[in-house]
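Okay, run-v8.cif is below, mmCIF, C-alpha atoms:
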```cif
data_data
loop_
_atom_site.label_atom_id
_atom_site.label_comp_id
_atom_site.auth_asym_id
_atom_site.auth_seq_id
_atom_site.Cartn_x
_atom_site.Cartn_y
_atom_site.Cartn_z
CA MET B 17 43.85 47.90 6.45
CA THR B 18 40.73 50.03 6.00
CA THR B 19 37.26 49.08 5.06
CA SER B 20 34.73 51.42 3.47
CA LYS B 21 31.52 52.16 5.28
CA ALA B 22 29.58 50.74 2.34
CA GLY B 23 31.66 47.59 2.55
CA GLU B 24 30.95 47.33 6.28
CA VAL B 25 27.22 47.70 5.64
CA LYS B 26 27.31 45.12 2.87
CA ALA B 27 29.28 42.66 5.00
CA THR B 28 26.91 43.18 7.91
CA THR B 29 23.89 42.79 5.68
CA ASP B 30 25.29 39.66 4.06
CA GLY B 31 26.10 38.24 7.45
CA LYS B 32 22.57 38.85 8.72
CA THR B 33 21.11 37.35 5.54
CA ALA B 34 23.23 34.24 5.93
CA ALA B 35 22.20 33.94 9.58
CA VAL B 36 18.53 34.23 8.63
CA ARG B 37 18.99 31.58 5.95
CA ARG B 38 20.67 29.24 8.44
CA ALA B 39 17.87 29.79 10.95
CA ALA B 40 15.14 29.27 8.36
CA ALA B 41 16.61 26.14 6.81
CA PRO B 42 15.46 22.95 8.59
CA ARG B 43 18.27 21.10 10.26
CA PRO B 44 18.90 17.69 8.67
CA ARG B 45 18.69 15.87 12.00
CA SER B 46 15.45 17.62 12.96
CA ARG B 47 13.98 16.95 9.51
CA ARG B 48 14.84 13.25 9.72
CA ARG B 49 13.30 13.03 13.17
CA GLY B 50 10.14 14.65 11.85
CA GLU B 51 9.99 12.21 8.92
CA ARG B 52 10.39 9.27 11.29
CA THR B 53 7.64 10.57 13.56
CA ARG B 54 5.31 11.12 10.61
CA ALA B 55 5.97 7.58 9.34
CA LEU B 56 5.36 6.16 12.83
CA ILE B 57 2.04 8.02 13.08
CA LEU B 58 0.97 6.55 9.73
CA ASP B 59 2.08 3.07 10.80
CA LYS B 60 0.03 3.21 13.99
CA ALA B 61 -2.91 4.85 12.23
CA GLN B 62 -3.20 2.07 9.67
CA GLU B 63 -3.19 -0.60 12.38
CA ILE B 64 -5.89 1.11 14.45
CA PHE B 65 -8.06 2.23 11.52
CA ALA B 66 -7.90 -1.31 10.09
CA ALA B 67 -9.01 -2.79 13.40
CA LYS B 68 -11.69 -0.24 14.35
CA GLY B 69 -12.67 1.71 11.24
CA PHE B 70 -12.63 5.47 10.71
CA GLU B 71 -15.52 6.51 12.95
CA ALA B 72 -14.52 4.48 16.02
CA THR B 73 -10.86 5.55 15.95
CA THR B 74 -9.70 8.67 17.81
CA LEU B 75 -6.61 10.76 17.22
CA GLY B 76 -5.78 10.34 20.90
CA GLU B 77 -5.49 6.59 20.40
CA ILE B 78 -3.18 7.02 17.43
CA ALA B 79 -1.03 9.61 19.20
CA GLY B 80 -0.72 7.36 22.25
CA ALA B 81 0.28 4.39 20.11
CA ALA B 82 2.91 6.56 18.40
CA GLY B 83 4.25 7.75 21.75
CA ILE B 84 3.40 11.42 21.27
CA ARG B 85 0.90 13.84 22.78
CA ALA B 86 -2.32 14.38 20.84
CA PRO B 87 -1.62 18.10 20.13
CA SER B 88 1.73 17.15 18.57
CA LEU B 89 -0.08 15.05 15.98
CA TYR B 90 -1.56 18.22 14.49
CA GLU B 91 1.96 19.35 13.55
CA TYR B 92 1.89 16.58 10.92
CA PHE B 93 -1.79 16.26 10.00
CA GLY B 94 -4.38 19.00 10.24
CA SER B 95 -7.32 16.71 10.98
CA LYS B 96 -8.43 13.13 11.37
CA GLU B 97 -9.61 13.15 7.75
CA GLN B 98 -6.21 14.35 6.48
CA LEU B 99 -4.43 11.66 8.46
CA TYR B 100 -6.81 8.97 7.22
CA GLU B 101 -6.45 9.99 3.58
CA ALA B 102 -2.65 10.20 3.82
CA MET B 103 -2.62 6.76 5.45
CA LEU B 104 -4.84 5.26 2.73
CA GLU B 105 -2.76 6.77 -0.07
CA ARG B 106 0.50 5.46 1.38
CA ALA B 107 -1.06 2.03 2.03
CA CYS B 108 -2.22 1.71 -1.59
CA GLU B 109 1.04 2.80 -3.21
CA PRO B 110 2.55 -0.75 -3.29
CA LEU B 111 -0.53 -2.05 -5.15
CA PHE B 112 -0.17 0.70 -7.70
CA GLU B 113 3.55 -0.02 -8.13
CA VAL B 114 3.00 -3.77 -8.66
CA LEU B 115 0.22 -3.17 -11.18
CA ASP B 116 2.25 -0.52 -12.98
CA CYS B 117 5.24 -2.87 -13.21
CA PHE B 118 3.03 -5.69 -14.49
CA VAL B 119 1.61 -3.43 -17.21
CA LYS B 120 5.01 -2.15 -18.31
CA VAL B 121 6.51 -5.65 -18.48
CA SER B 122 3.56 -6.91 -20.50
CA GLU B 123 3.83 -3.98 -22.91
CA GLU B 124 7.55 -4.58 -23.46
CA ARG B 125 7.40 -8.36 -23.89
CA PRO B 126 5.24 -10.14 -26.46
CA ASN B 127 4.49 -13.14 -24.23
CA PRO B 128 4.61 -12.10 -20.56
CA ARG B 129 4.19 -14.67 -17.80
CA PRO B 130 4.41 -12.67 -14.55
CA ASN B 131 2.37 -14.00 -11.66
CA LEU B 132 0.36 -11.03 -10.50
CA LEU B 133 -1.27 -13.07 -7.75
CA GLU B 134 2.07 -13.80 -6.10
CA ASP B 135 3.04 -10.14 -6.30
CA PHE B 136 -0.17 -9.12 -4.55
CA LEU B 137 0.32 -11.87 -2.00
CA ASP B 138 3.80 -10.54 -1.18
CA ILE B 139 2.27 -7.12 -0.49
CA PHE B 140 -0.55 -8.41 1.70
CA SER B 141 1.60 -10.89 3.64
CA THR B 142 3.79 -8.01 4.88
CA ARG B 143 0.82 -5.61 5.22
CA PRO B 144 -2.12 -7.72 6.47
CA TYR B 145 -3.85 -4.52 7.64
CA LEU B 146 -4.29 -3.37 4.01
CA PRO B 147 -7.08 -5.81 3.02
CA ARG B 148 -8.87 -4.98 6.26
CA LEU B 149 -8.65 -1.28 5.51
CA MET B 150 -10.06 -1.91 2.04
CA HIS B 151 -12.95 -3.93 3.43
CA GLN B 152 -13.63 -1.41 6.20
CA GLU B 153 -13.91 1.24 3.50
CA ALA B 154 -16.11 -0.92 1.27
CA LEU B 155 -18.52 -1.62 4.14
CA THR B 156 -18.98 2.11 4.74
CA GLY B 157 -19.37 3.16 1.11
CA ALA B 158 -15.69 3.72 0.18
CA ALA B 159 -16.25 7.49 0.06
CA ARG B 160 -12.66 8.18 1.11
CA LEU B 161 -10.81 5.34 -0.61
CA GLN B 162 -12.55 5.38 -3.99
CA PRO B 163 -11.31 8.87 -5.01
CA ILE B 164 -7.76 7.92 -4.01
CA LEU B 165 -7.85 4.74 -6.10
CA SER B 166 -9.38 6.62 -9.03
CA ARG B 167 -6.65 9.25 -8.87
CA MET B 168 -3.83 6.73 -8.52
CA MET B 169 -5.06 4.27 -11.12
CA GLU B 170 -6.67 6.54 -13.74
CA THR B 171 -6.07 4.61 -16.99
CA LEU B 172 -3.90 1.96 -15.31
CA PHE B 173 -6.75 -0.47 -14.65
CA GLY B 174 -7.72 -0.50 -18.33
CA ARG B 175 -4.10 -1.07 -19.33
CA ALA B 176 -3.90 -3.91 -16.81
CA ILE B 177 -6.93 -5.55 -18.43
CA ASP B 178 -5.18 -5.22 -21.79
CA ALA B 179 -2.08 -6.81 -20.27
CA LEU B 180 -4.07 -9.75 -18.91
CA ASP B 181 -5.75 -10.15 -22.28
CA ARG B 182 -2.32 -10.54 -23.90
CA ILE B 183 -1.47 -13.55 -21.72
CA PRO B 184 -1.94 -16.69 -23.86
CA SER B 185 -4.92 -18.45 -22.26
CA GLY B 186 -5.87 -20.80 -25.07
CA GLY B 187 -9.08 -18.87 -25.69
CA ARG B 188 -10.22 -19.62 -22.16
CA TRP B 189 -11.51 -16.11 -21.45
CA ALA B 190 -13.47 -13.72 -23.65
CA ARG B 191 -12.34 -10.10 -23.60
CA ASP B 192 -15.39 -8.99 -21.61
CA GLU B 193 -14.70 -11.68 -18.99
CA ILE B 194 -11.17 -10.45 -18.23
CA PRO B 195 -12.27 -7.71 -15.75
CA PHE B 196 -14.18 -10.32 -13.73
CA VAL B 197 -11.13 -12.60 -13.69
CA ALA B 198 -9.04 -9.65 -12.45
CA LEU B 199 -11.55 -8.92 -9.68
CA ALA B 200 -11.63 -12.58 -8.67
CA MET B 201 -7.84 -12.60 -8.36
CA MET B 202 -7.90 -9.53 -6.13
CA HIS B 203 -10.64 -11.06 -3.95
CA VAL B 204 -8.70 -14.30 -3.56
CA CYS B 205 -5.84 -12.30 -2.07
CA THR B 206 -7.67 -9.69 -0.01
CA CYS B 207 -10.32 -11.96 1.53
CA TYR B 208 -7.68 -14.44 2.65
CA PHE B 209 -6.16 -11.82 4.95
CA SER B 210 -9.23 -9.84 5.99
CA LEU B 211 -11.17 -12.99 6.94
CA ALA B 212 -8.23 -14.77 8.58
CA PRO B 213 -9.48 -14.15 12.16
CA LEU B 214 -12.68 -16.10 11.41
CA TYR B 215 -10.77 -19.32 10.92
CA GLN B 216 -8.73 -19.24 14.10
CA GLY B 217 -11.67 -20.86 15.90
CA PHE B 218 -11.16 -23.90 13.66
CA GLY B 219 -7.53 -24.18 14.67
CA LEU B 220 -6.32 -22.78 11.35
CA ASP B 221 -3.96 -19.82 11.56
CA LEU B 222 -4.00 -18.41 8.04
CA LEU B 223 -1.33 -15.87 8.95
CA SER B 224 1.22 -18.42 10.12
CA GLN B 225 4.32 -18.81 7.97
CA GLU B 226 3.50 -22.43 7.15
CA VAL B 227 -0.07 -21.78 6.00
CA GLN B 228 0.90 -18.68 4.05
CA GLY B 229 3.48 -20.80 2.26
CA ARG B 230 0.72 -23.26 1.36
CA HIS B 231 -1.44 -20.42 0.17
CA ALA B 232 1.35 -19.13 -2.07
CA GLU B 233 1.72 -22.64 -3.51
CA PHE B 234 -2.01 -22.71 -4.22
CA LEU B 235 -1.90 -19.31 -5.92
CA ARG B 236 0.89 -20.42 -8.24
CA LYS B 237 -1.25 -23.37 -9.32
CA PHE B 238 -4.37 -21.21 -9.52
CA TRP B 239 -2.57 -18.68 -11.75
CA ARG B 240 -1.54 -21.44 -14.17
CA MET B 241 -5.10 -22.78 -14.22
CA LEU B 242 -6.45 -19.32 -14.99
CA TRP B 243 -4.23 -18.57 -17.94
CA PHE B 244 -2.21 -21.45 -19.31
CA GLU B 245 -3.12 -24.65 -21.05
CA SER B 246 -0.91 -26.78 -18.80
CA PRO B 247 -1.83 -25.95 -15.21
CA ALA B 248 -0.54 -29.22 -13.92
CA ALA B 249 1.64 -29.43 -10.92
CA GLY B 250 1.42 -32.13 -8.32
CA PRO B 251 -1.25 -32.04 -5.63
CA LEU B 252 -0.69 -29.68 -2.75
CA THR B 253 1.10 -31.07 0.28
CA PRO B 254 -1.44 -31.94 3.03
CA LEU B 255 -1.44 -29.73 6.10
CA ALA B 256 0.32 -31.23 9.07
CA GLY B 257 -2.01 -32.64 11.73
#
```

If you convert what's in this file into structure tokens, what do you get?
Amino acid sequence: MTTSKAGEVKATTDGKTAAVRRAAAPRPRSRRRGERTRALILDKAQEIFAAKGFEATTLGEIAGAAGIRAPSLYEYFGSKEQLYEAMLERACEPLFEVLDCFVKVSEERPNPRPNLLEDFLDIFSTRPYLPRLMHQEALTGAARLQPILSRMMETLFGRAIDALDRIPSGGRWARDEIPFVALAMMHVCTCYFSLAPLYQGFGLDLLSQEVQGRHAEFLRKFWRMLWFESPAAGPLTPLAG
């Protein structure tokens, strides 16, 4: 069997091209490891930024908490600002998703009754650092968080106000009062978690499973009182002790 010289050149060239492609393509295992490391860096960053704020937090602290050397962190994020913004954007995504779902449900159904407060509570109860991040940002002018929220929300906030306005409230709220009701609902949820450490000195652990369950019960009643003509449910169960 003979092979032409041109065929040999083509085969060799194709073989080299395939080898280059294999070398250039990221290996699945290596890519997954990189994704896990990036997620771990963001997890540790949100905990430390929430506790200390942007200025007081160092990349060395975050790298140490993630179990990597500080120079390795730059393989994933080019600067402290990039890491912080990526962390904020990822942290806010669940809020956007809940609000987007609420809006879509309300637009598809003529008489929606979703409890937005409970949905927000579910997010904050599994991510108690998020309200603290939001308050840390607010206390320093929100220069980094506000553009992210504006980009993510765009027209969504206005549509959410429309959705709340469609909930039958027996004429309880005027249209121009709805934004203030929405803000009050958000504050009820965020302040509960961000201020929780203040109440530990009174022997009240707001982050315990029991007390969070009580808080969820309160929010269900509060939601009915905000919107529906029949808020009644029995009185809340007294706290033990």

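Selection by the PyMOL selection byres ((chain B and resi 137) around 10) on the present file picks out Leu132, Leu133, Glu134, Asp135, Phe136, Asp138, Ile139, Phe140, Ser141, Thr142, Arg143, Pro144, Met202, Val204, Cys205, Thr206, Tyr208, Phe209, Gln228, His231, Ala232 and Leu235 of chain B.
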
For the selection just defined, write its residues with C-alpha atoms to a file, as an mmCIF file, keeping the file's coordinate frame.
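Output below, filename selection04.cif:
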```cif
data_model
loop_
_atom_site.group_PDB
_atom_site.id
_atom_site.type_symbol
_atom_site.label_atom_id
_atom_site.label_comp_id
_atom_site.auth_asym_id
_atom_site.auth_seq_id
_atom_site.Cartn_x
_atom_site.Cartn_y
_atom_site.Cartn_z
ATOM 1 C CA LEU B 132 0.360 -11.030 -10.500
ATOM 2 C CA LEU B 133 -1.270 -13.070 -7.750
ATOM 3 C CA GLU B 134 2.070 -13.800 -6.100
ATOM 4 C CA ASP B 135 3.040 -10.140 -6.300
ATOM 5 C CA PHE B 136 -0.170 -9.120 -4.550
ATOM 6 C CA ASP B 138 3.800 -10.540 -1.180
ATOM 7 C CA ILE B 139 2.270 -7.120 -0.490
ATOM 8 C CA PHE B 140 -0.550 -8.410 1.700
ATOM 9 C CA SER B 141 1.600 -10.890 3.640
ATOM 10 C CA THR B 142 3.790 -8.010 4.880
ATOM 11 C CA ARG B 143 0.820 -5.610 5.220
ATOM 12 C CA PRO B 144 -2.120 -7.720 6.470
ATOM 13 C CA MET B 202 -7.900 -9.530 -6.130
ATOM 14 C CA VAL B 204 -8.700 -14.300 -3.560
ATOM 15 C CA CYS B 205 -5.840 -12.300 -2.070
ATOM 16 C CA THR B 206 -7.670 -9.690 -0.010
ATOM 17 C CA TYR B 208 -7.680 -14.440 2.650
ATOM 18 C CA PHE B 209 -6.160 -11.820 4.950
ATOM 19 C CA GLN B 228 0.900 -18.680 4.050
ATOM 20 C CA HIS B 231 -1.440 -20.420 0.170
ATOM 21 C CA ALA B 232 1.350 -19.130 -2.070
ATOM 22 C CA LEU B 235 -1.900 -19.310 -5.920
#
```

* **Given the PyMOL selection byres ((chain B and resi 164-173) around 12), the residues it picks as a PyMOL selection string** => chain B and resi 100-120+150+153+158-163+174-180+194-195+198-199

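Among B:Leu211, B:Val227, B:Ala86, B:Asp59, the residue with the shortest atom-to-atom distance to Gln152 (chain B), counting all atoms listed in the file, is B:Leu211.
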
* Quick one: distance from CA of Thr73 (chain B) to CA of Leu149 (chain B) in Å, one decimal? -> 12.7 Å

* Asked: Rounded to one decimal in Å, what is the spacing between CA of Leu222 (chain B) and CA of Val197 (chain B)?
  -> 23.6 Å

* Using the chain letters and numbers from the file, give me the residues hit by the PyMOL selection byres ((chain B and resi 185) around 8), as a VMD selection string. => chain B and resid 183 to 184 186 to 189 242 to 245

* Would you work out the distance separating CA of Tyr145 (chain B) from CA of Arg48 (chain B), expressed in Å to one decimal? => 25.9 Å

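Ranking B:Arg54, B:Ile64, B:Gly69, B:Ala212 by their shortest atom-to-atom distance to Ser88 (chain B), with all atoms listed in the file included, puts B:Arg54 first.
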
* Asked: Which residue, B:Phe234, B:Leu146, B:Ala66, B:Leu56, has the smallest gap to Ile84 (chain B) when you use only C-alpha atoms?
  -> B:Leu56
